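Everything below belongs to coords-v6.pdb, which stores PDB, C-alpha atoms and all ligand atoms.
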ATOM      1  CA  MET A  98      58.924  41.886 -13.031  1.00  0.00           C
ATOM      2  CA  ALA A  99      56.851  43.777 -10.472  1.00  0.00           C
ATOM      3  CA  TYR A 100      53.985  45.972 -11.612  1.00  0.00           C
ATOM      4  CA  GLN A 101      54.416  49.565 -10.414  1.00  0.00           C
ATOM      5  CA  ILE A 102      51.319  50.862  -8.650  1.00  0.00           C
ATOM      6  CA  VAL A 103      50.791  54.469  -7.636  1.00  0.00           C
ATOM      7  CA  ALA A 104      48.954  54.376  -4.303  1.00  0.00           C
ATOM      8  CA  LEU A 105      47.298  57.782  -3.940  1.00  0.00           C
ATOM      9  CA  VAL A 106      46.590  58.830  -0.356  1.00  0.00           C
ATOM     10  CA  GLY A 107      43.544  61.080   0.037  1.00  0.00           C
ATOM     11  CA  SER A 108      44.676  62.762   3.264  1.00  0.00           C
ATOM     12  CA  LEU A 109      47.501  65.199   4.001  1.00  0.00           C
ATOM     13  CA  ARG A 110      47.439  64.504   7.737  1.00  0.00           C
ATOM     14  CA  LYS A 111      50.728  63.328   9.264  1.00  0.00           C
ATOM     15  CA  GLU A 112      49.028  60.642  11.353  1.00  0.00           C
ATOM     16  CA  SER A 113      46.524  59.795   8.612  1.00  0.00           C
ATOM     17  CA  PHE A 114      44.931  56.366   8.823  1.00  0.00           C
ATOM     18  CA  SER A 115      44.773  56.374   5.029  1.00  0.00           C
ATOM     19  CA  LEU A 116      48.544  56.878   4.873  1.00  0.00           C
ATOM     20  CA  LYS A 117      49.113  54.124   7.427  1.00  0.00           C
ATOM     21  CA  ILE A 118      46.844  51.784   5.478  1.00  0.00           C
ATOM     22  CA  ALA A 119      48.696  52.600   2.251  1.00  0.00           C
ATOM     23  CA  ASN A 120      52.024  51.904   3.986  1.00  0.00           C
ATOM     24  CA  ALA A 121      50.662  48.612   5.317  1.00  0.00           C
ATOM     25  CA  LEU A 122      49.501  47.679   1.818  1.00  0.00           C
ATOM     26  CA  ALA A 123      52.965  48.459   0.430  1.00  0.00           C
ATOM     27  CA  ARG A 124      54.523  46.206   3.066  1.00  0.00           C
ATOM     28  CA  LEU A 125      52.040  43.370   2.526  1.00  0.00           C
ATOM     29  CA  ALA A 126      52.008  43.486  -1.282  1.00  0.00           C
ATOM     30  CA  PRO A 127      53.009  40.311  -3.104  1.00  0.00           C
ATOM     31  CA  PRO A 128      56.270  40.339  -5.096  1.00  0.00           C
ATOM     32  CA  SER A 129      54.336  41.032  -8.319  1.00  0.00           C
ATOM     33  CA  LEU A 130      53.215  44.466  -7.058  1.00  0.00           C
ATOM     34  CA  LYS A 131      55.329  47.429  -5.991  1.00  0.00           C
ATOM     35  CA  LEU A 132      53.294  50.165  -4.346  1.00  0.00           C
ATOM     36  CA  ASP A 133      54.609  53.713  -4.523  1.00  0.00           C
ATOM     37  CA  VAL A 134      52.786  55.436  -1.648  1.00  0.00           C
ATOM     38  CA  THR A 135      52.100  58.927  -2.920  1.00  0.00           C
ATOM     39  CA  THR A 136      50.788  61.818  -0.847  1.00  0.00           C
ATOM     40  CA  LEU A 137      49.379  64.877  -2.538  1.00  0.00           C
ATOM     41  CA  HIS A 138      51.219  67.630  -0.664  1.00  0.00           C
ATOM     42  CA  GLY A 139      53.046  69.135  -3.616  1.00  0.00           C
ATOM     43  CA  ILE A 140      50.209  69.320  -6.135  1.00  0.00           C
ATOM     44  CA  SER A 141      49.129  72.879  -6.782  1.00  0.00           C
ATOM     45  CA  PHE A 142      45.516  73.867  -7.406  1.00  0.00           C
ATOM     46  CA  PHE A 143      44.190  73.027 -10.803  1.00  0.00           C
ATOM     47  CA  ASN A 144      43.564  76.175 -12.832  1.00  0.00           C
ATOM     48  CA  GLN A 145      42.588  75.971 -16.483  1.00  0.00           C
ATOM     49  CA  ASP A 146      44.491  79.190 -17.158  1.00  0.00           C
ATOM     50  CA  LEU A 147      47.730  77.270 -16.523  1.00  0.00           C
ATOM     51  CA  GLU A 148      47.012  74.404 -18.919  1.00  0.00           C
ATOM     52  CA  ALA A 149      49.069  75.729 -21.815  1.00  0.00           C
ATOM     53  CA  ASN A 150      52.114  76.029 -19.558  1.00  0.00           C
ATOM     54  CA  PRO A 151      51.550  73.566 -16.726  1.00  0.00           C
ATOM     55  CA  PRO A 152      53.428  73.857 -13.428  1.00  0.00           C
ATOM     56  CA  ALA A 153      56.273  71.389 -12.863  1.00  0.00           C
ATOM     57  CA  ASP A 154      54.368  69.609 -10.079  1.00  0.00           C
ATOM     58  CA  TRP A 155      51.489  68.790 -12.458  1.00  0.00           C
ATOM     59  CA  VAL A 156      53.894  67.483 -15.074  1.00  0.00           C
ATOM     60  CA  ALA A 157      55.724  65.308 -12.543  1.00  0.00           C
ATOM     61  CA  PHE A 158      52.460  63.903 -11.164  1.00  0.00           C
ATOM     62  CA  ARG A 159      51.137  63.105 -14.637  1.00  0.00           C
ATOM     63  CA  GLU A 160      54.410  61.417 -15.647  1.00  0.00           C
ATOM     64  CA  LYS A 161      54.370  59.298 -12.504  1.00  0.00           C
ATOM     65  CA  LEU A 162      50.864  58.074 -13.346  1.00  0.00           C
ATOM     66  CA  GLN A 163      51.740  57.461 -17.002  1.00  0.00           C
ATOM     67  CA  LYS A 164      54.759  55.332 -16.076  1.00  0.00           C
ATOM     68  CA  SER A 165      52.725  53.170 -13.672  1.00  0.00           C
ATOM     69  CA  HIS A 166      50.907  49.904 -14.330  1.00  0.00           C
ATOM     70  CA  GLY A 167      47.974  50.789 -12.094  1.00  0.00           C
ATOM     71  CA  VAL A 168      46.531  53.191  -9.557  1.00  0.00           C
ATOM     72  CA  LEU A 169      45.201  52.443  -6.090  1.00  0.00           C
ATOM     73  CA  PHE A 170      43.175  55.070  -4.233  1.00  0.00           C
ATOM     74  CA  VAL A 171      43.345  54.898  -0.436  1.00  0.00           C
ATOM     75  CA  THR A 172      41.098  57.597   0.912  1.00  0.00           C
ATOM     76  CA  PRO A 173      39.024  58.828   3.795  1.00  0.00           C
ATOM     77  CA  GLU A 174      35.574  60.316   3.367  1.00  0.00           C
ATOM     78  CA  TYR A 175      35.063  64.037   3.948  1.00  0.00           C
ATOM     79  CA  ASN A 176      31.467  65.168   4.200  1.00  0.00           C
ATOM     80  CA  ARG A 177      30.087  62.208   2.259  1.00  0.00           C
ATOM     81  CA  GLY A 178      32.534  62.656  -0.614  1.00  0.00           C
ATOM     82  CA  ILE A 179      36.273  62.619  -1.302  1.00  0.00           C
ATOM     83  CA  PRO A 180      38.661  65.161   0.221  1.00  0.00           C
ATOM     84  CA  GLY A 181      39.238  68.228  -1.946  1.00  0.00           C
ATOM     85  CA  VAL A 182      42.950  67.520  -2.191  1.00  0.00           C
ATOM     86  CA  LEU A 183      42.221  64.198  -3.892  1.00  0.00           C
ATOM     87  CA  LYS A 184      39.676  65.703  -6.267  1.00  0.00           C
ATOM     88  CA  ASN A 185      42.246  68.357  -7.180  1.00  0.00           C
ATOM     89  CA  ALA A 186      44.861  65.678  -7.951  1.00  0.00           C
ATOM     90  CA  ILE A 187      42.344  63.801 -10.095  1.00  0.00           C
ATOM     91  CA  ASP A 188      41.530  66.996 -11.988  1.00  0.00           C
ATOM     92  CA  VAL A 189      45.251  67.620 -12.580  1.00  0.00           C
ATOM     93  CA  GLY A 190      45.847  64.039 -13.720  1.00  0.00           C
ATOM     94  CA  SER A 191      42.783  64.029 -15.977  1.00  0.00           C
ATOM     95  CA  ARG A 192      44.030  66.779 -18.276  1.00  0.00           C
ATOM     96  CA  PRO A 193      44.714  67.757 -21.063  1.00  0.00           C
ATOM     97  CA  TYR A 194      41.253  66.840 -22.305  1.00  0.00           C
ATOM     98  CA  GLY A 195      41.226  63.323 -23.793  1.00  0.00           C
ATOM     99  CA  LYS A 196      44.738  62.617 -22.502  1.00  0.00           C
ATOM    100  CA  SER A 197      44.091  61.678 -18.911  1.00  0.00           C
ATOM    101  CA  SER A 198      47.130  60.143 -17.248  1.00  0.00           C
ATOM    102  CA  PHE A 199      44.780  57.710 -15.497  1.00  0.00           C
ATOM    103  CA  LEU A 200      43.564  56.249 -18.804  1.00  0.00           C
ATOM    104  CA  GLU A 201      43.967  52.490 -19.158  1.00  0.00           C
ATOM    105  CA  LYS A 202      45.433  52.162 -15.663  1.00  0.00           C
ATOM    106  CA  PRO A 203      43.772  49.334 -13.761  1.00  0.00           C
ATOM    107  CA  THR A 204      42.294  51.051 -10.739  1.00  0.00           C
ATOM    108  CA  GLY A 205      41.578  50.046  -7.160  1.00  0.00           C
ATOM    109  CA  ILE A 206      39.620  51.893  -4.501  1.00  0.00           C
ATOM    110  CA  ILE A 207      39.936  51.410  -0.749  1.00  0.00           C
ATOM    111  CA  SER A 208      38.054  53.810   1.504  1.00  0.00           C
ATOM    112  CA  ASN A 209      38.354  53.953   5.256  1.00  0.00           C
ATOM    113  CA  SER A 210      36.995  55.669   8.331  1.00  0.00           C
ATOM    114  CA  PRO A 211      37.353  55.541  12.078  1.00  0.00           C
ATOM    115  CA  GLY A 212      33.549  55.539  11.972  1.00  0.00           C
ATOM    116  CA  PRO A 213      31.161  52.675  11.242  1.00  0.00           C
ATOM    117  CA  LEU A 214      30.543  53.212   7.508  1.00  0.00           C
ATOM    118  CA  GLY A 215      34.099  52.788   6.235  1.00  0.00           C
ATOM    119  CA  GLY A 216      34.017  55.854   3.981  1.00  0.00           C
ATOM    120  CA  VAL A 217      31.703  54.098   1.546  1.00  0.00           C
ATOM    121  CA  ASN A 218      30.467  57.419   0.163  1.00  0.00           C
ATOM    122  CA  ALA A 219      34.006  58.414  -0.780  1.00  0.00           C
ATOM    123  CA  ALA A 220      34.443  55.137  -2.660  1.00  0.00           C
ATOM    124  CA  LYS A 221      31.102  55.619  -4.430  1.00  0.00           C
ATOM    125  CA  SER A 222      32.085  59.175  -5.276  1.00  0.00           C
ATOM    126  CA  LEU A 223      35.266  57.887  -6.949  1.00  0.00           C
ATOM    127  CA  GLN A 224      33.173  55.404  -8.900  1.00  0.00           C
ATOM    128  CA  ASN A 225      31.208  58.366 -10.258  1.00  0.00           C
ATOM    129  CA  ILE A 226      34.218  60.520 -11.052  1.00  0.00           C
ATOM    130  CA  LEU A 227      36.661  58.075 -12.599  1.00  0.00           C
ATOM    131  CA  PRO A 228      35.089  56.025 -15.406  1.00  0.00           C
ATOM    132  CA  GLY A 229      35.474  58.662 -18.126  1.00  0.00           C
ATOM    133  CA  ILE A 230      39.115  59.331 -17.341  1.00  0.00           C
ATOM    134  CA  SER A 231      40.531  56.108 -15.862  1.00  0.00           C
ATOM    135  CA  GLY A 232      41.107  52.487 -16.700  1.00  0.00           C
ATOM    136  CA  THR A 233      38.841  49.714 -15.473  1.00  0.00           C
ATOM    137  CA  ILE A 234      37.964  49.869 -11.797  1.00  0.00           C
ATOM    138  CA  MET A 235      38.203  46.568  -9.948  1.00  0.00           C
ATOM    139  CA  GLY A 236      34.692  45.690  -8.787  1.00  0.00           C
ATOM    140  CA  GLN A 237      35.372  42.991  -6.210  1.00  0.00           C
ATOM    141  CA  PRO A 238      36.129  42.809  -3.381  1.00  0.00           C
ATOM    142  CA  GLU A 239      34.440  46.085  -2.449  1.00  0.00           C
ATOM    143  CA  THR A 240      36.578  47.392   0.391  1.00  0.00           C
ATOM    144  CA  TYR A 241      35.312  50.016   2.836  1.00  0.00           C
ATOM    145  CA  LEU A 242      37.384  49.766   6.008  1.00  0.00           C
ATOM    146  CA  ASN A 243      35.464  50.835   9.092  1.00  0.00           C
ATOM    147  CA  ASN A 244      36.571  51.427  12.692  1.00  0.00           C
ATOM    148  CA  VAL A 245      40.211  51.900  11.706  1.00  0.00           C
ATOM    149  CA  GLY A 246      40.935  54.038  14.795  1.00  0.00           C
ATOM    150  CA  ASP A 247      42.396  51.136  16.775  1.00  0.00           C
ATOM    151  CA  ALA A 248      44.219  49.448  13.903  1.00  0.00           C
ATOM    152  CA  PHE A 249      47.696  50.952  14.401  1.00  0.00           C
ATOM    153  CA  ASN A 250      50.092  51.306  17.334  1.00  0.00           C
ATOM    154  CA  GLU A 251      52.003  54.512  18.180  1.00  0.00           C
ATOM    155  CA  LYS A 252      54.736  53.527  15.701  1.00  0.00           C
ATOM    156  CA  GLY A 253      52.156  53.393  12.927  1.00  0.00           C
ATOM    157  CA  GLU A 254      52.328  49.600  12.695  1.00  0.00           C
ATOM    158  CA  LEU A 255      49.224  47.618  11.850  1.00  0.00           C
ATOM    159  CA  VAL A 256      48.107  45.688  14.927  1.00  0.00           C
ATOM    160  CA  LYS A 257      44.586  44.640  13.927  1.00  0.00           C
ATOM    161  CA  GLU A 258      44.789  41.127  12.543  1.00  0.00           C
ATOM    162  CA  ALA A 259      41.342  41.198  10.965  1.00  0.00           C
ATOM    163  CA  LEU A 260      42.262  44.306   8.988  1.00  0.00           C
ATOM    164  CA  GLN A 261      45.552  42.777   7.861  1.00  0.00           C
ATOM    165  CA  LYS A 262      43.614  39.809   6.497  1.00  0.00           C
ATOM    166  CA  VAL A 263      41.265  42.094   4.554  1.00  0.00           C
ATOM    167  CA  LEU A 264      44.225  44.006   3.099  1.00  0.00           C
ATOM    168  CA  GLU A 265      45.946  40.776   2.080  1.00  0.00           C
ATOM    169  CA  GLN A 266      42.788  39.502   0.391  1.00  0.00           C
ATOM    170  CA  TYR A 267      42.441  42.794  -1.444  1.00  0.00           C
ATOM    171  CA  LEU A 268      46.073  42.686  -2.608  1.00  0.00           C
ATOM    172  CA  THR A 269      45.712  39.138  -3.900  1.00  0.00           C
ATOM    173  CA  ALA A 270      42.694  40.168  -5.981  1.00  0.00           C
ATOM    174  CA  PHE A 271      44.307  43.416  -7.131  1.00  0.00           C
ATOM    175  CA  ALA A 272      47.531  41.664  -8.190  1.00  0.00           C
ATOM    176  CA  ALA A 273      45.537  39.282 -10.402  1.00  0.00           C
ATOM    177  CA  PHE A 274      43.471  42.166 -11.778  1.00  0.00           C
ATOM    178  CA  VAL A 275      46.534  44.307 -12.599  1.00  0.00           C
ATOM    179  CA  GLN A 276      48.226  41.370 -14.312  1.00  0.00           C
ATOM    180  CA  LYS A 277      45.158  40.663 -16.429  1.00  0.00           C
ATOM    181  CA  GLN A 278      44.641  44.305 -17.363  1.00  0.00           C
ATOM    182  CA  ASN A 279      48.289  44.743 -18.367  1.00  0.00           C
ATOM    183  CA  ALA A 280      48.449  41.515 -20.390  1.00  0.00           C
TER
HETATM  184  C1  LIG B   1      35.555  63.884   8.387  1.00  0.00           C
HETATM  185  N1  LIG B   1      35.328  62.565   8.797  1.00  0.00           N
HETATM  186  C2  LIG B   1      34.314  61.825   8.210  1.00  0.00           C
HETATM  187  N2  LIG B   1      34.206  60.463   8.415  1.00  0.00           N
HETATM  188  C3  LIG B   1      33.236  59.744   7.798  1.00  0.00           C
HETATM  189  O1  LIG B   1      33.166  58.533   7.977  1.00  0.00           O
HETATM  190  N3  LIG B   1      32.349  60.355   6.948  1.00  0.00           N
HETATM  191  C4  LIG B   1      32.399  61.700   6.682  1.00  0.00           C
HETATM  192  O2  LIG B   1      31.617  62.196   5.905  1.00  0.00           O
HETATM  193  C5  LIG B   1      33.408  62.463   7.335  1.00  0.00           C
HETATM  194  N4  LIG B   1      33.535  63.809   7.084  1.00  0.00           N
HETATM  195  C6  LIG B   1      34.636  64.503   7.519  1.00  0.00           C
HETATM  196  C7  LIG B   1      34.872  65.809   7.075  1.00  0.00           C
HETATM  197  C8  LIG B   1      36.020  66.463   7.457  1.00  0.00           C
HETATM  198  C9  LIG B   1      36.309  67.847   6.910  1.00  0.00           C
HETATM  199  C10 LIG B   1      36.948  65.848   8.323  1.00  0.00           C
HETATM  200  C11 LIG B   1      38.229  66.563   8.725  1.00  0.00           C
HETATM  201  C12 LIG B   1      36.720  64.583   8.780  1.00  0.00           C
HETATM  202  C13 LIG B   1      36.207  61.919   9.779  1.00  0.00           C
HETATM  203  C14 LIG B   1      37.376  61.271   9.071  1.00  0.00           C
HETATM  204  O3  LIG B   1      36.999  59.973   8.663  1.00  0.00           O
HETATM  205  C15 LIG B   1      38.589  61.191  10.021  1.00  0.00           C
HETATM  206  O4  LIG B   1      38.993  62.492  10.395  1.00  0.00           O
HETATM  207  C16 LIG B   1      39.743  60.430   9.374  1.00  0.00           C
HETATM  208  O5  LIG B   1      40.721  60.171  10.362  1.00  0.00           O
HETATM  209  C17 LIG B   1      40.338  61.189   8.200  1.00  0.00           C
HETATM  210  O6  LIG B   1      41.188  60.359   7.460  1.00  0.00           O
HETATM  211  P1  LIG B   1      42.771  60.263   7.707  1.00  0.00           P
HETATM  212  O7  LIG B   1      43.325  61.666   7.764  1.00  0.00           O
HETATM  213  O8  LIG B   1      42.939  59.570   9.051  1.00  0.00           O
HETATM  214  O9  LIG B   1      43.293  59.451   6.582  1.00  0.00           O
END
Rewrite the coordinates I just gave you, this time as structure tokens.
Ligand code: FNR
Amino acid sequence: MAYQIVALVGSLRKESFSLKIANALARLAPPSLKLDVTTLHGISFFNQDLEANPPADWVAFREKLQKSHGVLFVTPEYNRGIPGVLKNAIDVGSRPYGKSSFLEKPTGIISNSPGPLGGVNAAKSLQNILPGISGTIMGQPETYLNNVGDAFNEKGELVKEALQKVLEQYLTAFAAFVQKQNA
């Protein structure tokens, strides 16, 4: 049986490096993991006024998380934090209070940037936000992918061997972590 992993992409951009990295991860994943690459286009703004009668897109997003065996965040950094669209999705998934859909889901974080710092602040920001509402976050290997601007060809295919190796190492560790957490 393959563990179902929701891979949340922190960028809405069509040519997003985060999306391409998530797609590469889905392709490279071992047979024990099935990554469902999930963009956040359809998730409406969180508004506490709507909690009693939540919009269908919130319900669908929460159900998707609940049915999964783990969550993997693949995100860029915006202004030293996470993009607003990702924070909004986390807020939606975290409610109702005490019933977060992220709870008990083994969690992975991969940040990236075309710049030199690999989006490390976005990853750290997630490490601040998640612990009260998520499952255990995998600690090692810490993965902040820098200089991703030359990693893909015009078809969106991964062409940077060194990056592929890092992704494969991450997936090996994450597969073992997910298995252990779901045991
Ligand atoms: C950025 N970018 C950026 N990069 C970085 O390394 N640290 C940062 O703080 C920021 N801040 C930032 C803010 C905003 C509003 C934008 C639009 C961009 C650059 C960012 O890493 C780059 O645009 C990526 O390509 C965005 O990720 P996707 O869309 O390729 O996944």
Could you pull the residues within 12 Å of Lys164 of chain A, counting all atoms listed in the file, minus those fewer than 6 positions along the same chain, as a PDB file with C-alpha atoms, in the frame of the given file?
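The file below, result.pdb, is the result:
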ATOM      1  CA  TYR A 100      53.985  45.972 -11.612  1.00  0.00           C
ATOM      2  CA  GLN A 101      54.416  49.565 -10.414  1.00  0.00           C
ATOM      3  CA  ILE A 102      51.319  50.862  -8.650  1.00  0.00           C
ATOM      4  CA  VAL A 103      50.791  54.469  -7.636  1.00  0.00           C
ATOM      5  CA  ASP A 133      54.609  53.713  -4.523  1.00  0.00           C
ATOM      6  CA  ALA A 157      55.724  65.308 -12.543  1.00  0.00           C
ATOM      7  CA  PHE A 158      52.460  63.903 -11.164  1.00  0.00           C
ATOM      8  CA  SER A 198      47.130  60.143 -17.248  1.00  0.00           C
ATOM      9  CA  PHE A 199      44.780  57.710 -15.497  1.00  0.00           C
ATOM     10  CA  LEU A 200      43.564  56.249 -18.804  1.00  0.00           C
ATOM     11  CA  GLU A 201      43.967  52.490 -19.158  1.00  0.00           C
ATOM     12  CA  LYS A 202      45.433  52.162 -15.663  1.00  0.00           C
TER      13      LYS A 202
END
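Residues matched by the PyMOL selection byres (((chain A and resi 125) around 12) and not hetatm) in this file: Ile118, Ala119, Asn120, Ala121, Leu122, Ala123, Arg124, Ala126, Pro127, Pro128, Ser129, Leu130, Lys131, Leu132, Glu254, Leu255, Leu260, Gln261, Lys262, Val263, Leu264, Glu265, Gln266, Tyr267, Leu268, Thr269 and Ala272 of chain A.
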Practice task
Rank nothing, just name the residue among A:Ala99, A:Ala248, A:Val106, A:Ala280 nearest to ligand LIG 1 (chain B), using all atoms listed in the file.
Solution key: A:Val106
Practice task
Could you report the residues within 6 Å of ligand LIG 1 (chain B), using all atoms listed in the file, as a ChimeraX atom specification?
Solution key: /A:108,110,113-115,173-177,210-212,214,216
Problem - Non-local contacts of segment 138-148 of chain A (9 Å; all atoms listed in the file; under 4 positions in same chain excluded) as a VMD selection string - result: chain A and resid 109 152 154 to 155 158 182 185 to 186 188 to 189 192 to 193
Practice task
Would you work out the distance separating atom CA of Gly181 of chain A from atom CA of Asn243 of chain A, expressed in Å to one decimal?
Solution key: 20.9 Å
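Relative to atom CA of Thr240 of chain A, atom CA of Ile207 of chain A is found at 5.4 Å.
Using all atoms listed in the file, the shortest contact distance between Asn209 of chain A and any of A:Val168, A:Leu162, A:Ile226, A:Leu116 is found at A:Leu116.
Put simply, atom CA of Gly215 of chain A is 12.1 Å away from atom CA of Gly178 of chain A.
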Exercise for the section: I need the residue set behind the PyMOL selection byres (((chain A and resi 277) around 12) and not hetatm) for this file; please write it as a list in words. Expected result: Tyr100, His166, Gly167, Lys202, Pro203, Thr233, Met235, Ala270, Phe271, Ala272, Ala273, Phe274, Val275, Gln276, Gln278, Asn279 and Ala280 of chain A
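Proximity of A:Gln224, A:Thr172, A:Asn150, A:Ser165 to Thr136 of chain A, computed with all atoms listed in the file, is greatest for A:Thr172.
Restricting the calculation to all atoms listed in the file, the smallest distance between Gly107 of chain A and any of A:Gly195, A:Pro213, A:Gly205, A:Pro180 is found for A:Pro180.
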